[in-house]
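The data block below is run_5.txt; it holds compact mmCIF, C-alpha atoms.
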```
# COMPACT_ATOMS: atom_id res chain seq x y z
CA MET A 1 223.25 92.26 33.90
CA SER A 2 224.24 95.90 33.51
CA ASP A 3 221.65 96.27 30.73
CA VAL A 4 218.82 95.36 33.11
CA LEU A 5 217.16 98.44 34.50
CA ALA A 6 215.96 98.40 38.09
CA PRO A 7 212.27 99.26 38.53
CA PRO A 8 211.59 102.81 39.68
CA ASP A 9 211.06 103.39 43.35
CA VAL A 10 207.42 103.17 44.40
CA VAL A 11 206.34 105.11 47.46
CA VAL A 12 203.12 103.75 48.92
CA PRO A 13 201.48 105.67 51.83
CA PHE A 14 200.52 102.57 53.84
CA CYS A 15 199.11 104.61 56.71
CA LYS A 16 198.59 108.26 57.57
CA VAL A 17 197.40 109.15 61.08
CA GLU A 18 196.21 112.61 62.07
CA ARG A 19 194.45 114.25 65.00
CA THR A 20 191.15 115.73 63.86
CA GLY A 21 190.04 117.08 67.25
CA PRO A 22 190.70 116.84 71.03
CA ALA A 23 189.21 113.32 71.12
CA SER A 24 189.28 112.20 67.48
CA VAL A 25 191.77 110.62 65.09
CA ARG A 26 191.64 109.80 61.37
CA ARG A 27 193.62 107.09 59.61
CA THR A 28 193.92 106.67 55.86
CA MET A 29 195.64 103.46 54.85
CA ILE A 30 196.15 100.59 52.47
CA VAL A 31 194.60 97.30 53.65
CA GLN A 32 197.37 94.77 54.16
CA PRO A 33 197.01 90.95 54.26
CA GLY A 34 197.25 90.82 58.05
CA MET A 35 194.21 93.11 58.37
CA CYS A 36 191.66 91.00 56.48
CA GLY A 37 190.54 87.42 55.78
CA PRO A 38 189.86 85.73 59.12
CA LEU A 39 187.60 87.90 61.27
CA GLN A 40 190.17 87.76 64.06
CA ASN A 41 192.64 89.72 61.90
CA LEU A 42 190.35 92.72 61.51
CA VAL A 43 189.24 92.54 65.15
CA ALA A 44 192.84 92.55 66.38
CA CYS A 45 193.83 95.37 64.06
CA VAL A 46 190.99 97.60 65.25
CA GLY A 47 191.92 96.71 68.82
CA ASP A 48 195.41 98.06 68.18
CA TRP A 49 193.85 101.24 66.75
CA THR A 50 191.91 101.62 70.00
CA TRP A 51 195.06 101.52 72.09
CA GLN A 52 196.87 103.87 69.69
CA THR A 53 193.97 106.33 69.65
CA VAL A 54 193.60 106.40 73.44
CA SER A 55 197.36 106.99 73.68
CA MET A 56 197.07 109.96 71.34
CA VAL A 57 194.14 111.70 73.09
CA CYS A 58 194.55 110.71 76.76
CA GLY A 59 198.07 111.82 77.58
CA LEU A 60 199.87 108.52 78.14
CA ASP A 61 201.46 105.56 76.36
CA VAL A 62 198.81 102.86 76.78
CA PHE A 63 201.28 100.15 75.76
CA ASN A 64 203.54 100.92 78.73
CA ALA A 65 201.02 102.17 81.31
CA ARG A 66 201.65 101.54 85.00
CA ASP A 67 199.58 102.12 88.10
CA ALA A 68 200.56 103.96 91.29
CA ARG A 69 202.31 100.81 92.56
CA GLY A 70 204.48 100.69 89.44
CA LEU A 71 202.72 97.56 88.16
CA PRO A 72 201.59 97.17 84.53
CA SER A 73 198.08 98.48 83.94
CA TYR A 74 196.31 97.04 80.91
CA LEU A 75 193.50 98.71 78.94
CA ALA A 76 191.55 95.45 78.77
CA PHE A 77 188.66 94.91 76.37
CA TYR A 78 185.41 94.58 78.29
CA TYR A 79 182.99 94.98 75.36
CA TYR A 80 183.68 94.64 71.64
CA ARG A 81 180.98 95.23 69.04
CA LEU A 82 181.32 95.16 65.25
CA THR A 83 178.42 96.07 62.95
CA SER A 84 178.22 96.26 59.18
CA GLY A 85 175.89 97.65 56.55
CA SER A 86 174.31 95.90 53.60
CA ARG A 87 176.97 97.11 51.17
CA PHE A 88 180.15 96.54 53.18
CA HIS A 89 180.90 93.75 55.65
CA PRO A 90 184.17 92.22 56.92
CA ARG A 91 184.43 89.53 54.22
CA ASN A 92 184.31 92.25 51.55
CA LEU A 93 187.55 93.73 52.80
CA THR A 94 190.65 92.66 50.87
CA PHE A 95 194.26 93.76 50.72
CA GLY A 96 195.19 96.63 48.46
CA GLU A 97 192.03 98.61 49.17
CA ARG A 98 192.27 102.13 50.55
CA ILE A 99 190.22 102.84 53.64
CA GLU A 100 189.50 105.76 55.92
CA VAL A 101 189.09 105.09 59.64
CA ASP A 102 187.61 107.76 61.91
CA SER A 103 187.97 107.15 65.64
CA LEU A 104 186.30 108.91 68.57
CA VAL A 105 187.13 108.51 72.28
CA PHE A 106 184.58 109.15 75.03
CA ASN A 107 184.75 109.72 78.76
CA SER A 108 183.69 106.66 80.73
CA GLY A 109 185.23 107.55 84.09
CA ARG A 110 188.61 107.19 85.74
CA LEU A 111 188.82 103.44 85.16
CA SER A 112 187.46 102.99 81.63
CA VAL A 113 187.09 104.54 78.19
CA VAL A 114 184.77 104.08 75.19
CA THR A 115 186.17 104.21 71.64
CA VAL A 116 184.15 104.10 68.41
CA HIS A 117 185.61 103.53 64.94
CA ARG A 118 184.06 103.95 61.49
CA ILE A 119 185.71 102.20 58.53
CA ARG A 120 184.81 103.15 54.97
CA ARG A 121 186.36 102.52 51.58
CA ILE A 122 188.05 105.28 49.63
CA THR A 123 186.69 104.65 46.15
CA ALA A 124 188.00 107.69 44.30
CA GLU A 125 191.12 109.86 44.39
CA GLY A 126 190.47 113.02 46.36
CA GLN A 127 187.35 111.60 48.03
CA PRO A 128 186.60 114.07 50.86
CA PRO A 129 186.34 112.83 54.45
CA LEU A 130 182.91 112.56 56.06
CA PRO A 131 181.96 113.99 59.45
CA PHE A 132 181.53 111.38 62.19
CA ASP A 133 179.77 111.75 65.53
CA ALA A 134 178.67 109.61 68.46
CA ASP A 135 175.13 108.99 67.20
CA GLU A 136 175.94 107.70 63.73
CA MET A 137 176.68 104.09 64.71
CA SER A 138 173.55 103.64 66.82
CA SER A 139 171.02 105.91 65.10
CA ARG A 140 171.95 106.38 61.46
CA PRO A 141 174.63 103.92 60.33
CA ARG A 142 175.76 104.14 56.73
CA PRO A 143 175.29 100.96 54.64
CA ASP A 144 178.76 101.41 53.11
CA CYS A 145 180.63 101.44 56.45
CA LEU A 146 181.82 99.13 59.20
CA TYR A 147 181.55 100.28 62.81
CA VAL A 148 183.36 99.07 65.93
CA GLU A 149 182.57 100.06 69.51
CA ASN A 150 184.96 99.22 72.36
CA LEU A 151 184.55 99.63 76.10
CA ASN A 152 187.92 99.13 77.78
CA VAL A 153 188.69 99.01 81.50
CA TRP A 154 192.03 99.45 83.22
CA VAL A 155 193.11 96.30 85.05
CA SER A 156 196.20 94.89 86.74
CA ARG A 157 197.09 91.47 88.08
CA SER A 158 196.65 91.01 91.81
CA ASP A 159 198.77 87.84 91.59
CA PRO A 160 201.62 87.91 89.05
CA ARG A 161 201.28 84.14 88.55
CA SER A 162 197.57 84.11 87.78
CA ASN A 163 195.10 85.50 85.24
CA VAL A 164 192.09 84.95 87.49
CA ALA A 165 192.10 87.73 90.06
CA LEU A 166 192.43 90.84 87.90
CA VAL A 167 191.64 94.13 89.65
CA ARG A 168 190.64 97.58 88.39
CA SER A 169 193.68 99.82 88.46
CA ALA A 170 193.95 103.24 86.79
CA PRO A 171 197.36 104.11 85.36
CA VAL A 172 199.36 107.16 86.28
CA GLY A 173 198.93 109.94 83.71
CA PHE A 174 195.56 108.90 82.28
CA THR A 175 193.56 112.05 81.51
CA HIS A 176 189.89 111.78 80.62
CA VAL A 177 187.98 114.85 81.85
CA HIS A 178 188.47 116.62 78.51
CA LEU A 179 186.76 113.80 76.58
CA PRO A 180 183.13 114.14 75.46
CA HIS A 181 180.46 111.98 77.06
CA ALA A 182 178.34 109.40 75.21
CA ASP A 183 176.15 106.43 76.07
CA SER A 184 178.18 103.54 77.45
CA PRO A 185 177.43 99.82 76.92
CA ARG A 186 178.26 99.20 80.57
CA HIS A 187 174.61 98.60 81.58
CA LEU A 188 174.10 96.23 78.64
CA CYS A 189 177.13 94.24 79.75
CA ALA A 190 175.83 94.11 83.33
CA ARG A 191 172.56 92.61 82.08
CA ALA A 192 174.43 90.13 79.86
CA ARG A 193 176.48 89.07 82.89
CA ASP A 194 173.37 88.55 85.01
CA LEU A 195 171.36 86.76 82.30
CA GLY A 196 174.21 84.78 80.73
CA VAL A 197 173.09 86.12 77.34
CA PHE A 198 172.75 89.53 75.70
CA PRO A 199 169.18 90.77 76.24
CA ASP A 200 167.28 90.93 72.94
CA SER A 201 163.49 91.11 73.31
CA GLU A 202 163.03 91.66 69.57
CA ARG A 203 164.54 88.28 68.68
CA SER A 204 163.99 86.19 71.81
CA HIS A 205 161.00 84.42 70.19
CA TRP A 206 162.93 83.23 67.14
CA PRO A 207 162.81 79.43 66.67
CA ARG A 208 165.95 77.27 66.79
CA SER A 209 167.68 76.67 63.47
CA ALA A 210 169.77 73.77 64.86
CA PRO A 211 170.10 71.77 68.08
CA ASP A 212 171.92 73.60 70.85
CA LEU A 213 175.61 72.78 71.02
CA VAL A 214 178.11 72.54 73.87
CA LEU A 215 181.82 72.18 73.10
CA GLU A 216 184.98 72.18 75.18
CA HIS A 217 187.90 74.38 74.24
CA PRO A 218 191.17 73.80 76.12
CA VAL A 219 193.11 77.07 76.13
CA ASP A 220 195.48 76.98 73.18
CA VAL A 221 198.74 78.53 74.40
CA VAL A 222 199.90 78.90 70.79
CA CYS A 223 196.90 80.92 69.56
CA ASP A 224 194.87 82.19 72.53
CA VAL A 225 197.44 84.03 74.64
CA ASN A 226 198.68 87.59 74.18
CA GLY A 227 202.11 89.06 74.79
CA VAL A 228 201.60 89.49 78.55
CA GLY A 229 200.20 85.99 79.14
CA LEU A 230 196.50 86.84 79.30
CA LEU A 231 193.81 85.28 77.13
CA TYR A 232 193.75 87.54 74.06
CA PHE A 233 190.47 89.33 73.43
CA ALA A 234 190.64 88.73 69.66
CA ALA A 235 191.12 84.97 70.16
CA PHE A 236 187.51 84.70 71.37
CA PHE A 237 186.25 85.47 67.86
CA PRO A 238 187.69 82.26 66.32
CA ILE A 239 186.52 80.34 69.41
CA VAL A 240 182.99 81.54 68.62
CA GLU A 241 183.36 80.91 64.89
CA ARG A 242 184.69 77.36 65.37
CA ALA A 243 181.60 76.51 67.42
CA GLN A 244 179.38 78.04 64.74
CA LEU A 245 181.19 76.10 62.02
CA HIS A 246 180.79 72.83 63.94
CA GLN A 247 177.04 73.43 64.22
CA TRP A 248 176.84 74.58 60.58
CA ARG A 249 178.51 71.42 59.27
CA ALA A 250 176.37 69.22 61.51
CA SER A 251 173.31 70.82 59.89
CA GLY A 252 174.61 70.00 56.39
CA GLY A 253 176.07 73.38 55.49
CA THR A 254 179.18 73.65 53.34
CA ASP A 255 182.36 75.47 54.27
CA ARG A 256 182.01 77.80 51.28
CA ALA A 257 178.48 78.78 52.32
CA PHE A 258 179.76 79.38 55.86
CA LEU A 259 182.37 81.82 54.55
CA ASP A 260 179.82 83.50 52.28
CA ARG A 261 177.61 84.57 55.18
CA THR A 262 177.26 88.31 55.78
CA LEU A 263 178.18 89.34 59.32
CA LEU A 264 175.66 91.97 60.41
CA ASP A 265 176.49 92.31 64.09
CA ALA A 266 178.96 90.72 66.50
CA ARG A 267 179.36 91.54 70.15
CA ILE A 268 181.35 90.01 72.98
CA CYS A 269 181.39 91.03 76.64
CA TYR A 270 184.54 89.86 78.43
CA LEU A 271 183.76 89.22 82.07
CA ALA A 272 186.90 87.44 83.30
CA ASN A 273 190.18 85.92 82.21
CA ALA A 274 191.51 82.39 82.75
CA ASP A 275 194.79 80.63 83.38
CA LEU A 276 196.71 78.86 80.64
CA ASP A 277 195.78 75.35 81.78
CA ALA A 278 192.04 76.09 81.81
CA THR A 279 189.42 74.38 79.67
CA LEU A 280 186.58 76.55 78.42
CA THR A 281 183.01 75.37 77.83
CA VAL A 282 181.32 76.99 74.83
CA ALA A 283 177.50 76.81 74.81
CA LEU A 284 175.89 77.83 71.50
CA ARG A 285 172.26 78.46 70.57
CA THR A 286 171.31 79.53 67.02
CA SER A 287 167.91 80.78 65.90
CA TYR A 288 166.40 82.30 62.76
CA ASP A 289 163.93 85.01 61.84
CA PRO A 290 160.64 83.26 60.91
CA ASP A 291 159.88 86.13 58.52
CA ASP A 292 163.33 85.99 56.91
CA PRO A 293 164.93 82.57 57.53
CA VAL A 294 168.37 83.51 56.14
CA HIS A 295 168.69 86.03 58.98
CA GLN A 296 170.23 84.02 61.84
CA LYS A 297 171.36 84.79 65.37
CA SER A 298 173.85 82.93 67.56
CA ASP A 299 174.03 83.36 71.33
CA LEU A 300 177.03 81.98 73.17
CA ALA A 301 178.18 81.68 76.75
CA ILE A 302 181.83 80.82 77.41
CA SER A 303 182.68 79.57 80.88
CA GLU A 304 185.53 77.88 82.70
CA ALA A 305 184.77 74.16 82.84
CA THR A 306 185.98 73.46 86.38
CA THR A 307 184.72 76.54 88.22
CA ARG A 308 181.81 77.41 85.88
CA ARG A 309 182.87 81.05 86.02
CA THR A 310 181.46 82.95 83.06
CA ILE A 311 184.39 84.22 81.00
CA ALA A 312 182.51 85.84 78.12
CA VAL A 313 179.05 86.27 76.60
CA ALA A 314 178.64 86.70 72.84
CA SER A 315 175.95 87.35 70.26
CA PHE A 316 176.40 87.24 66.47
CA ARG A 317 173.93 87.94 63.65
CA HIS A 318 174.47 86.81 60.04
CA ARG A 319 172.63 86.60 56.78
CA ALA A 320 173.18 83.20 55.21
CA PRO A 321 173.77 82.99 51.44
CA VAL A 322 170.66 82.33 49.37
CA GLY A 323 170.67 79.31 47.05
```
Translate the structure described by the file into structure tokens.
Amino acid sequence: MSDVLAPPDVVVPFCKVERTGPASVRRTMIVQPGMCGPLQNLVACVGDWTWQTVSMVCGLDVFNARDARGLPSYLAFYYYRLTSGSRFHPRNLTFGERIEVDSLVFNSGRLSVVTVHRIRRITAEGQPPLPFDADEMSSRPRPDCLYVENLNVWVSRSDPRSNVALVRSAPVGFTHVHLPHADSPRHLCARARDLGVFPDSERSHWPRSAPDLVLEHPVDVVCDVNGVGLLYFAAFFPIVERAQLHQWRASGGTDRAFLDRTLLDARICYLANADLDATLTVALRTSYDPDDPVHQKSDLAISEATTRRTIAVASFRHRAPVG
């Protein structure tokens, strides 16, 4: 055995994080298995980046924030949007790739904060970083990038035994006045709450691509609950995808074709939480562009079965594989 040489040490820079401005952070990293594959993995990872970034630019440890009463204050996800370009979407991402993530934090008042992330591949050694500003995601997105927008609100439990009556509660030490201002999705979420669906006049006339579907989803305490006992924001993405897959299979689609779809846009507005013994009702409606039938849109409303409280509203757009 003494003749066997040990391999040389390999130093891999899995992640480098740096402040690039008063309200901006850049990460360069290697994509690891837990960051890709199921959409939930990427969604959860970016959610962690949101909390880390807010911690870095807002003067407090978000993971251990407490309000004036000394109770835990959580930076809860109220709105989560992921968009992709024609050349890079979540299913393209695989482990071993190098990516650059630019994150910006914006002032949304004493009780909330908006964070925007841009994810792009590093395709060549020494590839220079690109500037990133508030308008890029909405006005001039790059086809080779993924974008995520989060609106988070500070909440605490009013009853330590329940997830139902959460209240707005700013933590001690949260500083926000130095952050730049940008458009907030708050008004969009208010309309989604009132309508039970994200408003979309451009696509409201699209015909149905399958019969509407209603499913029940008992809260899965193994998969749906986070480390403080609340329904986990990222768990709503597989809840949505399972309903879509059920409808897809019922329409004769294969599992491979389902995975081969290109996710163009996904958004969820989280309006409430629910207790662990709750059953959720998932109502799904899917339509298609009559001028481009492979372009499909799913609208979902997730409610609590017994009380009919709306828990979340979602809208996803995909391009189905051709052939």
- Query: Any idea what the distance is between atom CA of A:Ala283 and atom CA of A:Ala301?
  - Reply: 5.3 Å
- Query: Using all atoms listed in the file, which of the listed residues (A:Val54, A:Arg142, A:Ser84, A:Ala250) sits closest to A:Val114?
  - Reply: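 Under the stated criterion, the closest residue is A:Val54.
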- Query: Any idea what the distance is between atom CA of A:Gly126 and atom CA of A:Phe14?
  - Reply: 16.3 Å
- Task: Write out as a list in words each polymer residue whose atoms come within 10 Å of A:Cys58, counting all atoms listed in the file; drop sequence neighbours fewer than 5 positions from it.
- Result: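 Once the adjacent positions are removed, what remains is Pro22, Ala23, Thr53, Val105, Val113, Gly173, Phe174, Thr175, His176, Val177, His178 and Leu179 of chain A.
Interatomic distance, atom CA of A:Pro185 to atom CA of A:Ile99: 26.7 Å.
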- Task: Name the residues in contact with A:Val228 at a cut-off of 10 Å, using all atoms listed in the file, excluding same-chain residues fewer than 4 positions from it; report them as an MDAnalysis selection string.
- Result: chainID A and resid 72 74 232
Missing atoms in stretch 150-181 of chain A should be modelled up to N, CA and C atoms and reported as a PDB file, in the frame of the given file.
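File produced: out-v5.pdb:
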```pdb
ATOM      1  N   ASN A 150     184.203  99.891  71.298  1.00  0.00           N
ATOM      2  CA  ASN A 150     184.960  99.220  72.360  1.00  0.00           C
ATOM      3  C   ASN A 150     184.735  99.928  73.686  1.00  0.00           C
ATOM      4  N   LEU A 151     184.468  99.144  74.720  1.00  0.00           N
ATOM      5  CA  LEU A 151     184.550  99.630  76.100  1.00  0.00           C
ATOM      6  C   LEU A 151     185.736  98.918  76.725  1.00  0.00           C
ATOM      7  N   ASN A 152     186.719  99.697  77.169  1.00  0.00           N
ATOM      8  CA  ASN A 152     187.920  99.130  77.780  1.00  0.00           C
ATOM      9  C   ASN A 152     188.028  99.582  79.223  1.00  0.00           C
ATOM     10  N   VAL A 153     188.507  98.691  80.074  1.00  0.00           N
ATOM     11  CA  VAL A 153     188.690  99.010  81.500  1.00  0.00           C
ATOM     12  C   VAL A 153     190.151  98.765  81.872  1.00  0.00           C
ATOM     13  N   TRP A 154     190.646  99.599  82.754  1.00  0.00           N
ATOM     14  CA  TRP A 154     192.030  99.450  83.220  1.00  0.00           C
ATOM     15  C   TRP A 154     192.100  98.371  84.292  1.00  0.00           C
ATOM     16  N   VAL A 155     192.958  97.388  84.087  1.00  0.00           N
ATOM     17  CA  VAL A 155     193.110  96.300  85.050  1.00  0.00           C
ATOM     18  C   VAL A 155     194.594  96.009  85.270  1.00  0.00           C
ATOM     19  N   SER A 156     194.867  95.409  86.418  1.00  0.00           N
ATOM     20  CA  SER A 156     196.200  94.890  86.740  1.00  0.00           C
ATOM     21  C   SER A 156     196.028  93.513  87.361  1.00  0.00           C
ATOM     22  N   ARG A 157     197.103  92.755  87.378  1.00  0.00           N
ATOM     23  CA  ARG A 157     197.090  91.470  88.080  1.00  0.00           C
ATOM     24  C   ARG A 157     197.237  91.703  89.581  1.00  0.00           C
ATOM     25  N   SER A 158     196.436  90.992  90.360  1.00  0.00           N
ATOM     26  CA  SER A 158     196.650  91.010  91.810  1.00  0.00           C
ATOM     27  C   SER A 158     197.642  89.932  92.216  1.00  0.00           C
ATOM     28  N   ASP A 159     197.793  88.907  91.379  1.00  0.00           N
ATOM     29  CA  ASP A 159     198.770  87.840  91.590  1.00  0.00           C
ATOM     30  C   ASP A 159     199.552  87.697  90.296  1.00  0.00           C
ATOM     31  N   PRO A 160     200.851  87.949  90.295  1.00  0.00           N
ATOM     32  CA  PRO A 160     201.620  87.910  89.050  1.00  0.00           C
ATOM     33  C   PRO A 160     201.650  86.546  88.383  1.00  0.00           C
ATOM     34  N   ARG A 161     201.247  85.498  89.116  1.00  0.00           N
ATOM     35  CA  ARG A 161     201.280  84.140  88.550  1.00  0.00           C
ATOM     36  C   ARG A 161     199.923  83.683  88.034  1.00  0.00           C
ATOM     37  N   SER A 162     198.921  84.545  88.118  1.00  0.00           N
ATOM     38  CA  SER A 162     197.570  84.110  87.780  1.00  0.00           C
ATOM     39  C   SER A 162     196.860  85.144  86.911  1.00  0.00           C
ATOM     40  N   ASN A 163     195.953  84.645  86.047  1.00  0.00           N
ATOM     41  CA  ASN A 163     195.100  85.500  85.240  1.00  0.00           C
ATOM     42  C   ASN A 163     193.701  85.651  85.833  1.00  0.00           C
ATOM     43  N   VAL A 164     193.446  85.032  86.974  1.00  0.00           N
ATOM     44  CA  VAL A 164     192.090  84.950  87.490  1.00  0.00           C
ATOM     45  C   VAL A 164     191.687  86.211  88.252  1.00  0.00           C
ATOM     46  N   ALA A 165     192.498  86.648  89.155  1.00  0.00           N
ATOM     47  CA  ALA A 165     192.100  87.730  90.060  1.00  0.00           C
ATOM     48  C   ALA A 165     192.609  89.075  89.541  1.00  0.00           C
ATOM     49  N   LEU A 166     192.082  89.519  88.415  1.00  0.00           N
ATOM     50  CA  LEU A 166     192.430  90.840  87.900  1.00  0.00           C
ATOM     51  C   LEU A 166     191.649  91.900  88.671  1.00  0.00           C
ATOM     52  N   VAL A 167     192.275  93.055  88.887  1.00  0.00           N
ATOM     53  CA  VAL A 167     191.640  94.130  89.650  1.00  0.00           C
ATOM     54  C   VAL A 167     191.668  95.412  88.830  1.00  0.00           C
ATOM     55  N   ARG A 168     190.664  96.287  89.065  1.00  0.00           N
ATOM     56  CA  ARG A 168     190.640  97.580  88.390  1.00  0.00           C
ATOM     57  C   ARG A 168     191.783  98.434  88.930  1.00  0.00           C
ATOM     58  N   SER A 169     192.501  99.084  88.032  1.00  0.00           N
ATOM     59  CA  SER A 169     193.680  99.820  88.460  1.00  0.00           C
ATOM     60  C   SER A 169     194.013 100.890  87.430  1.00  0.00           C
ATOM     61  N   ALA A 170     193.701 102.151  87.729  1.00  0.00           N
ATOM     62  CA  ALA A 170     193.950 103.240  86.790  1.00  0.00           C
ATOM     63  C   ALA A 170     195.433 103.535  86.704  1.00  0.00           C
ATOM     64  N   PRO A 171     195.933 103.808  85.510  1.00  0.00           N
ATOM     65  CA  PRO A 171     197.360 104.110  85.360  1.00  0.00           C
ATOM     66  C   PRO A 171     197.661 105.560  85.714  1.00  0.00           C
ATOM     67  N   VAL A 172     198.902 105.803  86.047  1.00  0.00           N
ATOM     68  CA  VAL A 172     199.360 107.160  86.280  1.00  0.00           C
ATOM     69  C   VAL A 172     199.413 107.892  84.942  1.00  0.00           C
ATOM     70  N   GLY A 173     198.857 109.113  84.908  1.00  0.00           N
ATOM     71  CA  GLY A 173     198.930 109.940  83.710  1.00  0.00           C
ATOM     72  C   GLY A 173     197.739 109.842  82.787  1.00  0.00           C
ATOM     73  N   PHE A 174     196.741 109.036  83.123  1.00  0.00           N
ATOM     74  CA  PHE A 174     195.560 108.900  82.280  1.00  0.00           C
ATOM     75  C   PHE A 174     194.647 110.094  82.484  1.00  0.00           C
ATOM     76  N   THR A 175     194.437 110.891  81.432  1.00  0.00           N
ATOM     77  CA  THR A 175     193.560 112.050  81.510  1.00  0.00           C
ATOM     78  C   THR A 175     192.309 111.797  80.693  1.00  0.00           C
ATOM     79  N   HIS A 176     191.149 112.105  81.275  1.00  0.00           N
ATOM     80  CA  HIS A 176     189.890 111.780  80.620  1.00  0.00           C
ATOM     81  C   HIS A 176     188.838 112.878  80.729  1.00  0.00           C
ATOM     82  N   VAL A 177     189.032 113.859  81.604  1.00  0.00           N
ATOM     83  CA  VAL A 177     187.980 114.850  81.850  1.00  0.00           C
ATOM     84  C   VAL A 177     187.713 115.720  80.617  1.00  0.00           C
ATOM     85  N   HIS A 178     188.661 115.799  79.699  1.00  0.00           N
ATOM     86  CA  HIS A 178     188.470 116.620  78.510  1.00  0.00           C
ATOM     87  C   HIS A 178     187.683 115.894  77.424  1.00  0.00           C
ATOM     88  N   LEU A 179     187.442 114.586  77.606  1.00  0.00           N
ATOM     89  CA  LEU A 179     186.760 113.800  76.580  1.00  0.00           C
ATOM     90  C   LEU A 179     185.254 114.063  76.618  1.00  0.00           C
ATOM     91  N   PRO A 180     184.587 113.996  75.473  1.00  0.00           N
ATOM     92  CA  PRO A 180     183.130 114.140  75.460  1.00  0.00           C
ATOM     93  C   PRO A 180     182.463 112.913  76.074  1.00  0.00           C
ATOM     94  N   HIS A 181     181.222 113.084  76.483  1.00  0.00           N
ATOM     95  CA  HIS A 181     180.460 111.980  77.060  1.00  0.00           C
ATOM     96  C   HIS A 181     179.528 111.384  75.995  1.00  0.00           C
TER      97      HIS A 181
END
```
